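Chemist: CSV, C-alpha atoms (C1' of nucleotides) and all ligand atoms, file run.csv:
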```csv
chain,number,residue,atom,x,y,z
A,1,MET,CA,33.0,24.8,25.8
A,2,ARG,CA,33.6,25.4,22.1
A,3,ILE,CA,32.1,23.2,19.5
A,4,GLY,CA,35.2,21.2,19.0
A,5,GLU,CA,35.4,20.4,22.7
A,6,LEU,CA,31.7,19.4,22.7
A,7,SER,CA,32.4,17.2,19.7
A,8,ARG,CA,35.3,15.4,21.4
A,9,ALA,CA,33.3,15.1,24.7
A,10,THR,CA,30.4,13.4,22.9
A,11,GLY,CA,32.0,11.8,19.8
A,12,VAL,CA,29.6,13.7,17.6
A,13,GLU,CA,31.0,15.5,14.6
A,14,VAL,CA,31.1,19.2,14.5
A,15,GLU,CA,29.0,19.4,11.4
A,16,THR,CA,26.4,17.1,13.0
A,17,ILE,CA,26.2,19.4,16.0
A,18,ARG,CA,25.5,22.4,13.8
A,19,TYR,CA,23.0,20.4,11.9
A,20,TYR,CA,21.1,19.5,15.1
A,21,GLU,CA,21.0,23.1,16.0
A,22,LYS,CA,19.6,24.1,12.7
A,23,ALA,CA,17.1,21.2,13.0
A,24,GLY,CA,15.9,22.6,16.3
A,25,LEU,CA,17.1,19.7,18.5
A,26,LEU,CA,19.8,21.7,20.3
A,27,PRO,CA,19.0,25.2,21.5
A,28,PRO,CA,21.3,27.9,19.9
A,29,PRO,CA,24.2,28.4,22.3
A,30,SER,CA,25.5,31.8,23.4
A,31,ARG,CA,28.4,33.3,21.4
A,32,ALA,CA,31.8,34.5,22.4
A,33,ASP,CA,32.9,37.9,21.1
A,34,ASN,CA,34.5,36.3,18.1
A,35,GLY,CA,31.2,34.6,17.2
A,36,TYR,CA,32.3,31.1,18.3
A,37,ARG,CA,29.5,29.0,19.8
A,38,ALA,CA,29.8,28.6,23.6
A,39,TYR,CA,28.2,25.5,25.1
A,40,GLY,CA,27.4,24.6,28.7
A,41,SER,CA,26.8,21.3,30.4
A,42,GLY,CA,23.1,21.4,29.6
A,43,HIS,CA,24.0,21.3,25.9
A,44,LEU,CA,26.2,18.3,26.5
A,45,GLU,CA,23.5,16.4,28.3
A,46,ARG,CA,21.0,17.2,25.6
A,47,LEU,CA,23.3,16.2,22.8
A,48,ALA,CA,24.1,12.9,24.6
A,49,PHE,CA,20.3,12.3,24.9
A,50,VAL,CA,19.9,12.9,21.2
A,51,ARG,CA,22.7,10.5,20.3
A,52,HIS,CA,21.4,7.8,22.6
A,53,CYS,CA,18.0,8.0,20.9
A,54,ARG,CA,19.7,8.0,17.5
A,55,ALA,CA,21.5,4.8,18.5
A,56,LEU,CA,18.0,3.4,19.0
A,57,ASP,CA,17.3,4.5,15.4
A,58,ILE,CA,14.7,7.0,16.6
A,59,SER,CA,14.1,9.7,14.0
A,60,LEU,CA,15.1,13.3,14.6
A,61,ALA,CA,11.4,14.2,14.5
A,62,ASP,CA,10.6,11.7,17.3
A,63,ILE,CA,13.6,12.8,19.3
A,64,GLY,CA,12.3,16.3,19.1
A,65,ARG,CA,9.0,15.1,20.5
A,66,LEU,CA,10.8,13.3,23.4
A,67,LEU,CA,12.7,16.5,24.1
A,68,ASP,CA,9.4,18.4,24.3
A,69,PHE,CA,8.3,15.8,26.9
A,70,LEU,CA,11.4,16.5,28.9
A,71,ASP,CA,10.4,20.1,28.9
A,72,HIS,CA,6.9,19.4,30.0
A,73,PRO,CA,7.2,17.0,33.0
A,74,GLU,CA,3.6,17.4,34.1
A,75,ALA,CA,2.0,16.1,30.8
A,76,ALA,CA,0.7,12.6,30.4
A,77,CYS,CA,3.3,10.0,29.2
A,78,GLY,CA,1.0,7.9,27.0
A,79,ASP,CA,2.4,9.3,23.8
A,80,ILE,CA,5.9,8.3,24.9
A,81,ASN,CA,4.8,4.7,25.2
A,82,ARG,CA,3.1,4.8,21.8
A,83,LEU,CA,6.2,6.4,20.2
A,84,VAL,CA,8.4,3.5,21.5
A,85,ASP,CA,5.8,1.0,20.4
A,86,ALA,CA,5.8,2.4,16.9
A,87,GLN,CA,9.5,2.3,16.8
A,88,LEU,CA,9.5,-1.3,18.0
A,89,ASP,CA,6.9,-2.2,15.3
A,90,ARG,CA,9.1,-0.7,12.6
A,91,VAL,CA,12.2,-2.5,13.8
A,92,ARG,CA,10.4,-5.8,14.0
A,93,ALA,CA,8.8,-5.4,10.6
A,94,ARG,CA,12.2,-4.6,9.1
A,95,ILE,CA,13.8,-7.6,10.8
A,96,ILE,CA,11.2,-9.9,9.3
A,97,SER,CA,11.5,-8.5,5.8
A,98,LEU,CA,15.3,-8.7,6.0
A,99,GLN,CA,15.1,-12.3,7.1
A,100,ALA,CA,13.0,-13.1,4.1
A,101,LEU,CA,15.6,-11.3,2.0
A,102,GLU,CA,18.4,-13.3,3.5
A,103,ARG,CA,16.6,-16.5,2.6
A,104,GLN,CA,16.2,-15.4,-1.0
A,105,LEU,CA,19.8,-14.2,-1.3
A,106,SER,CA,21.1,-17.5,0.2
A,107,ALA,CA,19.0,-19.5,-2.2
A,108,LEU,CA,20.3,-17.3,-5.1
A,109,ARG,CA,23.9,-17.8,-4.0
A,110,ARG,CA,23.6,-21.5,-4.1
A,111,HIS,CA,23.1,-21.4,-7.8
A,112,CYS,CA,26.7,-20.8,-8.6
A,113,ASP,CA,29.9,-22.1,-6.9
A,114,GLU,CA,32.5,-22.0,-9.5
A,115,ASP,CA,34.2,-19.5,-11.7
A,116,LEU,CA,32.3,-19.9,-14.9
A,117,GLN,CA,31.5,-17.8,-17.9
A,118,VAL,CA,28.8,-15.3,-17.2
A,119,ARG,CA,26.5,-17.1,-19.7
A,120,ASP,CA,26.7,-20.2,-17.5
A,121,CYS,CA,26.4,-18.5,-14.1
A,122,GLY,CA,23.4,-20.0,-12.3
A,123,ILE,CA,23.0,-16.8,-10.3
A,124,LEU,CA,22.4,-14.6,-13.3
A,125,GLN,CA,20.2,-17.2,-14.9
A,126,GLU,CA,18.1,-17.4,-11.8
A,127,LEU,CA,17.8,-13.6,-11.7
A,128,VAL,CA,16.8,-13.4,-15.3
A,129,GLY,CA,14.3,-16.2,-14.9
A,130,ALA,CA,12.8,-14.8,-11.8
A,131,ALA,CA,12.4,-11.4,-13.4
A,132,ARG,CA,10.5,-13.1,-16.2
A,133,GLY,CA,8.0,-14.3,-13.6
A,134,GLU,CA,9.1,-17.9,-13.2
A,135,ALA,CA,8.5,-18.8,-9.6
A,136,CYS,CA,8.8,-15.2,-8.4
A,137,THR,CA,6.3,-13.1,-6.6
A,138,CYS,CA,8.6,-10.6,-4.9
A,139,HIS,CA,8.5,-7.8,-7.4
A,140,GLU,CA,4.8,-8.0,-8.2
A,141,ARG,CA,3.8,-6.0,-5.1
A,142,GLY,CA,6.5,-3.5,-4.0
A,143,ALA,CA,9.8,-4.0,-2.3
A,144,PRO,CA,10.0,-6.1,1.0
A,145,ALA,CA,10.2,-2.9,3.1
B,1,MET,CA,4.5,0.6,-25.8
B,2,ARG,CA,4.2,4.0,-24.1
B,3,ILE,CA,5.6,4.8,-20.7
B,4,GLY,CA,2.2,4.4,-19.0
B,5,GLU,CA,1.6,1.0,-20.5
B,6,LEU,CA,5.1,-0.1,-19.4
B,7,SER,CA,4.3,1.3,-16.0
B,8,ARG,CA,1.1,-0.7,-15.7
B,9,ALA,CA,2.8,-3.9,-17.2
B,10,THR,CA,5.5,-3.8,-14.5
B,11,GLY,CA,3.9,-2.0,-11.6
B,12,VAL,CA,6.7,0.6,-11.7
B,13,GLU,CA,5.8,4.2,-11.5
B,14,VAL,CA,6.2,6.4,-14.5
B,15,GLU,CA,8.6,8.7,-12.7
B,16,THR,CA,10.7,5.8,-11.5
B,17,ILE,CA,11.0,4.5,-15.1
B,18,ARG,CA,12.3,7.9,-16.3
B,19,TYR,CA,14.6,8.0,-13.3
B,20,TYR,CA,16.1,4.6,-14.2
B,21,GLU,CA,16.7,5.9,-17.7
B,22,LYS,CA,18.5,9.0,-16.4
B,23,ALA,CA,20.5,6.7,-14.1
B,24,GLY,CA,21.6,4.7,-17.1
B,25,LEU,CA,19.8,1.4,-16.1
B,26,LEU,CA,17.3,1.5,-19.0
B,27,PRO,CA,18.6,2.4,-22.4
B,28,PRO,CA,16.9,5.5,-23.9
B,29,PRO,CA,13.9,4.2,-26.0
B,30,SER,CA,13.1,5.5,-29.4
B,31,ARG,CA,10.6,8.3,-29.7
B,32,ALA,CA,7.4,8.6,-31.5
B,33,ASP,CA,6.8,11.7,-33.7
B,34,ASN,CA,5.2,13.6,-30.8
B,35,GLY,CA,8.3,12.9,-28.6
B,36,TYR,CA,6.6,10.2,-26.5
B,37,ARG,CA,8.9,7.3,-25.4
B,38,ALA,CA,8.3,4.1,-27.3
B,39,TYR,CA,9.3,0.9,-25.5
B,40,GLY,CA,9.8,-2.7,-26.8
B,41,SER,CA,9.8,-6.0,-25.0
B,42,GLY,CA,13.5,-5.8,-24.3
B,43,HIS,CA,12.8,-2.8,-22.1
B,44,LEU,CA,10.1,-4.6,-20.3
B,45,GLU,CA,12.4,-7.5,-19.5
B,46,ARG,CA,15.2,-5.2,-18.4
B,47,LEU,CA,12.9,-3.2,-16.2
B,48,ALA,CA,11.5,-6.4,-14.6
B,49,PHE,CA,15.1,-7.5,-14.0
B,50,VAL,CA,15.9,-4.2,-12.3
B,51,ARG,CA,12.8,-4.4,-10.1
B,52,HIS,CA,13.6,-8.0,-9.1
B,53,CYS,CA,17.1,-7.0,-8.0
B,54,ARG,CA,15.7,-4.0,-6.2
B,55,ALA,CA,13.3,-6.4,-4.3
B,56,LEU,CA,16.5,-8.1,-3.2
B,57,ASP,CA,17.7,-4.6,-2.0
B,58,ILE,CA,20.5,-4.6,-4.5
B,59,SER,CA,21.7,-1.0,-5.1
B,60,LEU,CA,21.2,0.6,-8.4
B,61,ALA,CA,25.0,0.7,-8.9
B,62,ASP,CA,25.2,-3.0,-8.4
B,63,ILE,CA,22.3,-3.6,-10.7
B,64,GLY,CA,24.1,-1.6,-13.3
B,65,ARG,CA,27.0,-4.0,-12.9
B,66,LEU,CA,24.8,-7.0,-13.2
B,67,LEU,CA,23.3,-5.6,-16.4
B,68,ASP,CA,26.8,-5.1,-17.7
B,69,PHE,CA,27.4,-8.8,-17.1
B,70,LEU,CA,24.3,-9.7,-19.1
B,71,ASP,CA,25.8,-7.7,-22.0
B,72,HIS,CA,29.1,-9.6,-21.7
B,73,PRO,CA,28.2,-13.3,-21.4
B,74,GLU,CA,31.8,-14.5,-22.2
B,75,ALA,CA,33.3,-12.8,-19.1
B,76,ALA,CA,34.1,-14.6,-15.9
B,77,CYS,CA,31.3,-14.7,-13.4
B,78,GLY,CA,33.4,-14.5,-10.1
B,79,ASP,CA,32.4,-10.9,-9.6
B,80,ILE,CA,28.8,-11.8,-9.6
B,81,ASN,CA,29.3,-14.3,-6.8
B,82,ARG,CA,31.2,-11.7,-4.9
B,83,LEU,CA,28.5,-9.1,-5.4
B,84,VAL,CA,25.9,-11.4,-4.0
B,85,ASP,CA,28.1,-12.4,-1.2
B,86,ALA,CA,28.7,-8.7,-0.3
B,87,GLN,CA,24.9,-8.1,-0.4
B,88,LEU,CA,24.3,-11.1,1.9
B,89,ASP,CA,26.9,-9.8,4.3
B,90,ARG,CA,25.2,-6.4,4.4
B,91,VAL,CA,21.8,-8.0,5.0
B,92,ARG,CA,23.1,-10.3,7.7
B,93,ALA,CA,24.9,-7.5,9.5
B,94,ARG,CA,21.8,-5.4,9.4
B,95,ILE,CA,19.7,-8.2,10.8
B,96,ILE,CA,22.1,-8.6,13.7
B,97,SER,CA,22.2,-5.0,14.5
B,98,LEU,CA,18.4,-4.7,14.3
B,99,GLN,CA,18.0,-7.6,16.6
B,100,ALA,CA,20.2,-5.9,19.1
B,101,LEU,CA,18.1,-2.8,18.7
B,102,GLU,CA,14.9,-4.8,19.2
B,103,ARG,CA,16.2,-6.1,22.5
B,104,GLN,CA,17.1,-2.6,23.7
B,105,LEU,CA,13.8,-1.2,22.7
B,106,SER,CA,11.9,-4.0,24.3
B,107,ALA,CA,13.8,-3.5,27.5
B,108,LEU,CA,13.1,0.2,27.3
B,109,ARG,CA,9.4,-0.4,26.7
B,110,ARG,CA,9.2,-2.5,29.9
B,111,HIS,CA,10.0,0.6,32.0
B,112,CYS,CA,6.6,2.0,31.7
B,113,ASP,CA,3.2,0.4,31.6
B,114,GLU,CA,0.8,2.9,32.8
B,115,ASP,CA,-0.4,6.4,31.9
B,116,LEU,CA,1.7,8.5,34.2
B,117,GLN,CA,3.0,12.0,34.3
B,118,VAL,CA,6.0,12.5,32.1
B,119,ARG,CA,8.2,13.1,35.2
B,120,ASP,CA,7.4,9.6,36.4
B,121,CYS,CA,7.7,7.8,33.1
B,122,GLY,CA,10.2,5.0,33.4
B,123,ILE,CA,11.0,5.1,29.7
B,124,LEU,CA,12.1,8.8,29.7
B,125,GLN,CA,14.0,8.3,33.0
B,126,GLU,CA,15.8,5.4,31.4
B,127,LEU,CA,16.6,7.3,28.3
B,128,VAL,CA,18.0,10.3,30.3
B,129,GLY,CA,20.0,8.0,32.6
B,130,ALA,CA,21.4,6.0,29.7
B,131,ALA,CA,22.4,9.2,27.9
B,132,ARG,CA,24.3,10.2,31.0
B,133,GLY,CA,26.3,7.1,30.7
B,134,GLU,CA,24.8,4.9,33.4
B,135,ALA,CA,25.0,1.4,32.0
B,136,CYS,CA,25.1,2.5,28.4
B,137,THR,CA,27.7,1.8,25.8
B,138,CYS,CA,25.6,2.2,22.7
B,139,HIS,CA,26.3,5.8,21.9
B,140,GLU,CA,30.0,5.7,22.7
B,141,ARG,CA,30.9,4.1,19.4
B,142,GLY,CA,28.6,5.1,16.6
B,143,ALA,CA,25.1,3.9,15.7
B,144,PRO,CA,24.3,0.2,15.3
B,145,ALA,CA,24.4,0.4,11.5
C,1,DG,C1',56.5,40.9,12.9
C,2,DC,C1',55.3,36.9,10.2
C,3,DT,C1',54.1,32.4,9.2
C,4,DT,C1',52.0,28.1,10.2
C,5,DG,C1',48.5,25.4,11.7
C,6,DA,C1',44.4,24.5,14.4
C,7,DC,C1',40.3,26.0,15.1
C,8,DC,C1',35.9,28.5,14.0
C,9,DC,C1',32.1,30.7,10.8
C,10,DT,C1',28.3,30.6,6.9
C,11,DG,C1',26.2,28.7,3.1
C,12,DG,C1',25.7,25.4,-0.5
C,13,DA,C1',26.1,20.9,-2.7
C,14,DG,C1',26.1,15.9,-2.6
C,15,DT,C1',24.5,11.1,-1.0
C,16,DG,C1',20.3,7.1,-2.6
C,17,DG,C1',16.2,6.0,-4.5
C,18,DC,C1',12.8,7.7,-5.4
C,19,DT,C1',8.3,11.0,-5.2
C,20,DA,C1',5.9,15.1,-6.2
C,21,DC,C1',5.2,19.0,-8.3
C,22,DA,C1',5.0,23.0,-12.2
C,23,DA,C1',4.1,24.3,-16.6
C,24,DG,C1',3.5,23.1,-20.7
C,25,DG,C1',2.1,19.9,-25.2
C,26,DT,C1',-0.9,15.8,-27.2
C,27,DT,C1',-4.3,12.6,-27.7
C,28,DT,C1',-8.8,10.5,-26.8
C,29,DG,C1',-13.6,10.3,-26.1
C,30,DC,C1',-18.1,12.4,-26.0
D,1,DG,C1',-15.3,22.1,-28.8
D,2,DC,C1',-13.7,20.8,-24.7
D,3,DA,C1',-12.4,18.1,-20.7
D,4,DA,C1',-9.8,14.2,-19.0
D,5,DA,C1',-6.1,11.5,-19.4
D,6,DC,C1',-1.9,11.1,-21.1
D,7,DC,C1',2.9,12.7,-22.3
D,8,DT,C1',7.2,16.0,-22.0
D,9,DT,C1',11.2,18.5,-19.2
D,10,DG,C1',13.0,20.3,-15.2
D,11,DT,C1',13.1,21.2,-10.5
D,12,DA,C1',12.6,20.5,-5.5
D,13,DG,C1',11.8,17.6,-1.5
D,14,DC,C1',12.6,13.5,1.6
D,15,DC,C1',16.3,11.7,5.6
D,16,DA,C1',20.4,12.3,8.4
D,17,DC,C1',24.0,13.6,7.7
D,18,DT,C1',28.9,14.7,5.2
D,19,DC,C1',31.9,17.5,2.7
D,20,DC,C1',33.6,21.5,0.8
D,21,DA,C1',34.6,26.5,-0.5
D,22,DG,C1',35.9,30.7,1.1
D,23,DG,C1',36.6,33.1,4.6
D,24,DG,C1',37.7,34.9,9.9
D,25,DT,C1',40.4,34.1,14.5
D,26,DC,C1',44.0,32.9,17.6
D,27,DA,C1',48.1,30.9,19.8
D,28,DA,C1',52.9,29.1,19.2
D,29,DG,C1',57.3,29.3,17.2
D,30,DC,C1',61.0,31.7,14.7
A,201,ZN,ZN,23.6,5.3,24.6
A,202,ZN,ZN,28.5,-17.4,-11.1
A,203,ZN,ZN,11.0,-10.7,-8.3
A,204,ZN,ZN,5.5,6.2,30.3
```
What would you get if you wrote out this structure as structure tokens?
Modeler:
Amino acid sequence: MRIGELSRATGVEVETIRYYEKAGLLPPPSRADNGYRAYGSGHLERLAFVRHCRALDISLADIGRLLDFLDHPEAACGDINRLVDAQLDRVRARIISLQALERQLSALRRHCDEDLQVRDCGILQELVGAARGEACTCHERGAPA
Amino acid sequence: MRIGELSRATGVEVETIRYYEKAGLLPPPSRADNGYRAYGSGHLERLAFVRHCRALDISLADIGRLLDFLDHPEAACGDINRLVDAQLDRVRARIISLQALERQLSALRRHCDEDLQVRDCGILQELVGAARGEACTCHERGAPA
DNA sequence: GCTTGACCCTGGAGTGGCTACAAGGTTTGC
DNA sequence: GCAAACCTTGTAGCCACTCCAGGGTCAAGC
């Protein structure tokens, strides 16, 4: 299988496949006489695994760790659980901070309905006022996430 | 005001302030004889505005647009409303995709409770099976967002 | 035999929003 | 007189790609 076929079989762009190889997530395939990469079904399965984990927003570093586990089936699996737990914690924290953000943006949006001059726009007035510190705590301590 | 004082007054790191200047969000301040940047209260207010918008996760490019509006108070404000609407849409879409992700990760997490050998870990088995296409659609069409 | 187009290769640059140096100059306090 | 704390510029790194330049390879069609 050449890289274009692997790309079509998995829906992963050719450049991304080469990037994963350079990042150590895909073992370097053998090469045809002309230098073209030649993949087998093991590569396809491994690439699908990587993409499935990426769809779960798992970082490439963590995917590398999971692949190491696959290569060491007799090890203890506790670190896998902890990896998934940490991922879940990150996702939940991000959801909470985005929900807070959504509330702030909704409130902001309600400050202007019509097509006014900028000087009269309630949104901009609110932003300027909040930045001055009136009723705003959000930018005193870092971004929401 | 020197850059360190502005940094302490706003809680924004010195490097970030210089970065904003290079990005065109802060006008270049005047310089003292020794070449040190010398800021006034206008800079402080503008920097606070930038940080407040960043806390709302507005991109630097959009913040630049908002600053342009501040400099043109007689323009129509419709684009401001649209900018905030687009930001809200992005945040809401991201929340929905992260909630889907949270459900998937929670379901995944339930596949292993104990400290087993990797070969028996339900999480890893589930990941491998899903990557093979058993009951998985997530990686067929791009990442969740 | 010659062209066209699809495919492949490597290596480097760009994205956003910072952060972290390196290598120097300046000021402040003791 | 000297160290610590400040300032300057410029560059490189982070993540996970994405795109491009500048080439090589190969099959089909004329
Ligand atoms: Zn999947
Ligand atoms: Zn308005
Ligand atoms: Zn704020
Ligand atoms: Zn387990």
Chemist: What are the coordinates of chain B as an mmCIF file with C-alpha atoms, keeping the file's coordinate frame following a least-squares fit to chain A on all in-order C-alpha atoms?
Modeler:
```
data_model
loop_
_atom_site.group_PDB
_atom_site.id
_atom_site.type_symbol
_atom_site.label_atom_id
_atom_site.label_comp_id
_atom_site.auth_asym_id
_atom_site.auth_seq_id
_atom_site.Cartn_x
_atom_site.Cartn_y
_atom_site.Cartn_z
ATOM 1 C CA MET B 1 32.897 24.887 25.885
ATOM 2 C CA ARG B 2 33.557 25.373 22.161
ATOM 3 C CA ILE B 3 32.033 23.260 19.446
ATOM 4 C CA GLY B 4 35.200 21.157 19.048
ATOM 5 C CA GLU B 5 35.412 20.377 22.725
ATOM 6 C CA LEU B 6 31.716 19.373 22.723
ATOM 7 C CA SER B 7 32.450 17.277 19.684
ATOM 8 C CA ARG B 8 35.293 15.442 21.380
ATOM 9 C CA ALA B 9 33.266 15.109 24.721
ATOM 10 C CA THR B 10 30.411 13.362 22.881
ATOM 11 C CA GLY B 11 32.030 11.782 19.865
ATOM 12 C CA VAL B 12 29.653 13.734 17.596
ATOM 13 C CA GLU B 13 31.048 15.465 14.619
ATOM 14 C CA VAL B 14 31.202 19.203 14.526
ATOM 15 C CA GLU B 15 29.031 19.381 11.437
ATOM 16 C CA THR B 16 26.447 17.079 12.948
ATOM 17 C CA ILE B 17 26.236 19.321 16.057
ATOM 18 C CA ARG B 18 25.539 22.400 13.883
ATOM 19 C CA TYR B 19 23.056 20.350 11.900
ATOM 20 C CA TYR B 20 21.151 19.388 15.073
ATOM 21 C CA GLU B 21 21.015 23.055 15.987
ATOM 22 C CA LYS B 22 19.590 24.003 12.579
ATOM 23 C CA ALA B 23 17.108 21.129 12.975
ATOM 24 C CA GLY B 24 15.961 22.605 16.249
ATOM 25 C CA LEU B 25 17.182 19.672 18.494
ATOM 26 C CA LEU B 26 19.883 21.724 20.271
ATOM 27 C CA PRO B 27 18.990 25.187 21.400
ATOM 28 C CA PRO B 28 21.232 27.904 19.869
ATOM 29 C CA PRO B 29 24.162 28.445 22.363
ATOM 30 C CA SER B 30 25.399 31.826 23.324
ATOM 31 C CA ARG B 31 28.295 33.282 21.406
ATOM 32 C CA ALA B 32 31.632 34.449 22.440
ATOM 33 C CA ASP B 33 32.842 37.896 21.230
ATOM 34 C CA ASN B 34 34.475 36.372 18.133
ATOM 35 C CA GLY B 35 31.148 34.640 17.202
ATOM 36 C CA TYR B 36 32.273 31.164 18.317
ATOM 37 C CA ARG B 37 29.499 28.972 19.871
ATOM 38 C CA ALA B 38 29.771 28.631 23.615
ATOM 39 C CA TYR B 39 28.183 25.511 25.107
ATOM 40 C CA GLY B 40 27.266 24.616 28.748
ATOM 41 C CA SER B 41 26.650 21.295 30.397
ATOM 42 C CA GLY B 42 22.976 21.377 29.552
ATOM 43 C CA HIS B 43 23.934 21.172 25.896
ATOM 44 C CA LEU B 44 26.199 18.302 26.527
ATOM 45 C CA GLU B 45 23.448 16.354 28.253
ATOM 46 C CA ARG B 46 20.936 17.161 25.537
ATOM 47 C CA LEU B 47 23.328 16.161 22.815
ATOM 48 C CA ALA B 48 24.123 12.854 24.603
ATOM 49 C CA PHE B 49 20.366 12.271 24.881
ATOM 50 C CA VAL B 50 19.926 12.861 21.156
ATOM 51 C CA ARG B 51 22.788 10.507 20.284
ATOM 52 C CA HIS B 52 21.400 7.784 22.578
ATOM 53 C CA CYS B 53 18.008 7.961 20.867
ATOM 54 C CA ARG B 54 19.688 7.980 17.493
ATOM 55 C CA ALA B 55 21.562 4.734 18.533
ATOM 56 C CA LEU B 56 18.075 3.349 19.042
ATOM 57 C CA ASP B 57 17.308 4.516 15.411
ATOM 58 C CA ILE B 58 14.736 6.959 16.641
ATOM 59 C CA SER B 59 14.121 9.647 13.966
ATOM 60 C CA LEU B 60 15.098 13.160 14.603
ATOM 61 C CA ALA B 61 11.402 14.177 14.524
ATOM 62 C CA ASP B 62 10.629 11.717 17.232
ATOM 63 C CA ILE B 63 13.578 12.829 19.264
ATOM 64 C CA GLY B 64 12.291 16.332 18.998
ATOM 65 C CA ARG B 65 9.051 15.079 20.503
ATOM 66 C CA LEU B 66 10.809 13.314 23.283
ATOM 67 C CA LEU B 67 12.736 16.488 24.100
ATOM 68 C CA ASP B 68 9.455 18.337 24.179
ATOM 69 C CA PHE B 69 8.280 15.854 26.799
ATOM 70 C CA LEU B 70 11.360 16.524 28.917
ATOM 71 C CA ASP B 71 10.391 20.228 28.848
ATOM 72 C CA HIS B 72 6.837 19.395 29.973
ATOM 73 C CA PRO B 73 7.165 16.938 32.879
ATOM 74 C CA GLU B 74 3.500 17.438 34.045
ATOM 75 C CA ALA B 75 2.031 16.091 30.763
ATOM 76 C CA ALA B 76 0.737 12.590 30.324
ATOM 77 C CA CYS B 77 3.294 10.092 29.176
ATOM 78 C CA GLY B 78 1.000 7.825 26.953
ATOM 79 C CA ASP B 79 2.471 9.298 23.811
ATOM 80 C CA ILE B 80 5.892 8.267 24.814
ATOM 81 C CA ASN B 81 4.822 4.655 25.198
ATOM 82 C CA ARG B 82 3.181 4.848 21.844
ATOM 83 C CA LEU B 83 6.260 6.324 20.220
ATOM 84 C CA VAL B 84 8.384 3.512 21.481
ATOM 85 C CA ASP B 85 5.855 0.992 20.516
ATOM 86 C CA ALA B 86 5.732 2.428 16.941
ATOM 87 C CA GLN B 87 9.575 2.294 16.796
ATOM 88 C CA LEU B 88 9.556 -1.353 17.958
ATOM 89 C CA ASP B 89 6.998 -2.196 15.321
ATOM 90 C CA ARG B 90 9.161 -0.612 12.624
ATOM 91 C CA VAL B 91 12.237 -2.496 13.837
ATOM 92 C CA ARG B 92 10.415 -5.798 14.055
ATOM 93 C CA ALA B 93 8.908 -5.425 10.604
ATOM 94 C CA ARG B 94 12.279 -4.614 9.186
ATOM 95 C CA ILE B 95 13.837 -7.634 10.816
ATOM 96 C CA ILE B 96 11.191 -9.870 9.290
ATOM 97 C CA SER B 97 11.554 -8.481 5.891
ATOM 98 C CA LEU B 98 15.361 -8.703 6.049
ATOM 99 C CA GLN B 99 15.159 -12.264 7.114
ATOM 100 C CA ALA B 100 13.046 -13.022 4.124
ATOM 101 C CA LEU B 101 15.598 -11.258 1.990
ATOM 102 C CA GLU B 102 18.426 -13.256 3.570
ATOM 103 C CA ARG B 103 16.703 -16.484 2.629
ATOM 104 C CA GLN B 104 16.232 -15.360 -0.978
ATOM 105 C CA LEU B 105 19.767 -14.239 -1.293
ATOM 106 C CA SER B 106 21.113 -17.393 0.207
ATOM 107 C CA ALA B 107 19.068 -19.439 -2.187
ATOM 108 C CA LEU B 108 20.310 -17.297 -5.030
ATOM 109 C CA ARG B 109 23.919 -17.685 -3.918
ATOM 110 C CA ARG B 110 23.568 -21.500 -4.037
ATOM 111 C CA HIS B 111 23.069 -21.348 -7.830
ATOM 112 C CA CYS B 112 26.649 -20.812 -8.541
ATOM 113 C CA ASP B 113 29.778 -22.126 -6.925
ATOM 114 C CA GLU B 114 32.417 -22.045 -9.471
ATOM 115 C CA ASP B 115 34.177 -19.518 -11.710
ATOM 116 C CA LEU B 116 32.236 -19.903 -14.903
ATOM 117 C CA GLN B 117 31.454 -17.825 -17.907
ATOM 118 C CA VAL B 118 28.734 -15.317 -17.272
ATOM 119 C CA ARG B 119 26.415 -17.182 -19.712
ATOM 120 C CA ASP B 120 26.605 -20.244 -17.495
ATOM 121 C CA CYS B 121 26.299 -18.527 -14.151
ATOM 122 C CA GLY B 122 23.403 -19.983 -12.233
ATOM 123 C CA ILE B 123 22.911 -16.799 -10.243
ATOM 124 C CA LEU B 124 22.363 -14.557 -13.337
ATOM 125 C CA GLN B 125 20.164 -17.247 -14.974
ATOM 126 C CA GLU B 126 18.090 -17.315 -11.828
ATOM 127 C CA LEU B 127 17.812 -13.606 -11.648
ATOM 128 C CA VAL B 128 16.715 -13.342 -15.348
ATOM 129 C CA GLY B 129 14.232 -16.217 -14.952
ATOM 130 C CA ALA B 130 12.782 -14.778 -11.758
ATOM 131 C CA ALA B 131 12.397 -11.367 -13.401
ATOM 132 C CA ARG B 132 10.432 -13.050 -16.144
ATOM 133 C CA GLY B 133 8.032 -14.259 -13.599
ATOM 134 C CA GLU B 134 8.986 -17.913 -13.251
ATOM 135 C CA ALA B 135 8.388 -18.713 -9.611
ATOM 136 C CA CYS B 136 8.723 -15.150 -8.439
ATOM 137 C CA THR B 137 6.255 -13.050 -6.567
ATOM 138 C CA CYS B 138 8.620 -10.608 -4.949
ATOM 139 C CA HIS B 139 8.513 -7.829 -7.470
ATOM 140 C CA GLU B 140 4.788 -7.998 -8.129
ATOM 141 C CA ARG B 141 3.919 -6.081 -4.993
ATOM 142 C CA GLY B 142 6.547 -3.575 -4.020
ATOM 143 C CA ALA B 143 9.894 -4.028 -2.262
ATOM 144 C CA PRO B 144 10.176 -5.900 1.040
ATOM 145 C CA ALA B 145 10.396 -2.681 3.059
#
```
Chemist: Could you list, as number ranges by chain, every residue within 12 Å of DG5 of chain C, counting all atoms listed in the file and ignoring same-chain residues fewer than 3 positions away?
Modeler: D: 26-29
Chemist: Can you list every residue of chain D that has an atom at most 10 Å from chain B, with its nearest atom pair and the distance in Å to one decimal, using only C-alpha atoms (C1' of nucleotides), ordered by chain then number, as CSV?
Modeler:
```
residue,atom,partner,partner_atom,distance
D:DC6,C1',B:Gly4,CA,8.1
D:DC7,C1',B:Tyr36,CA,6.1
D:DT8,C1',B:Tyr36,CA,7.4
```
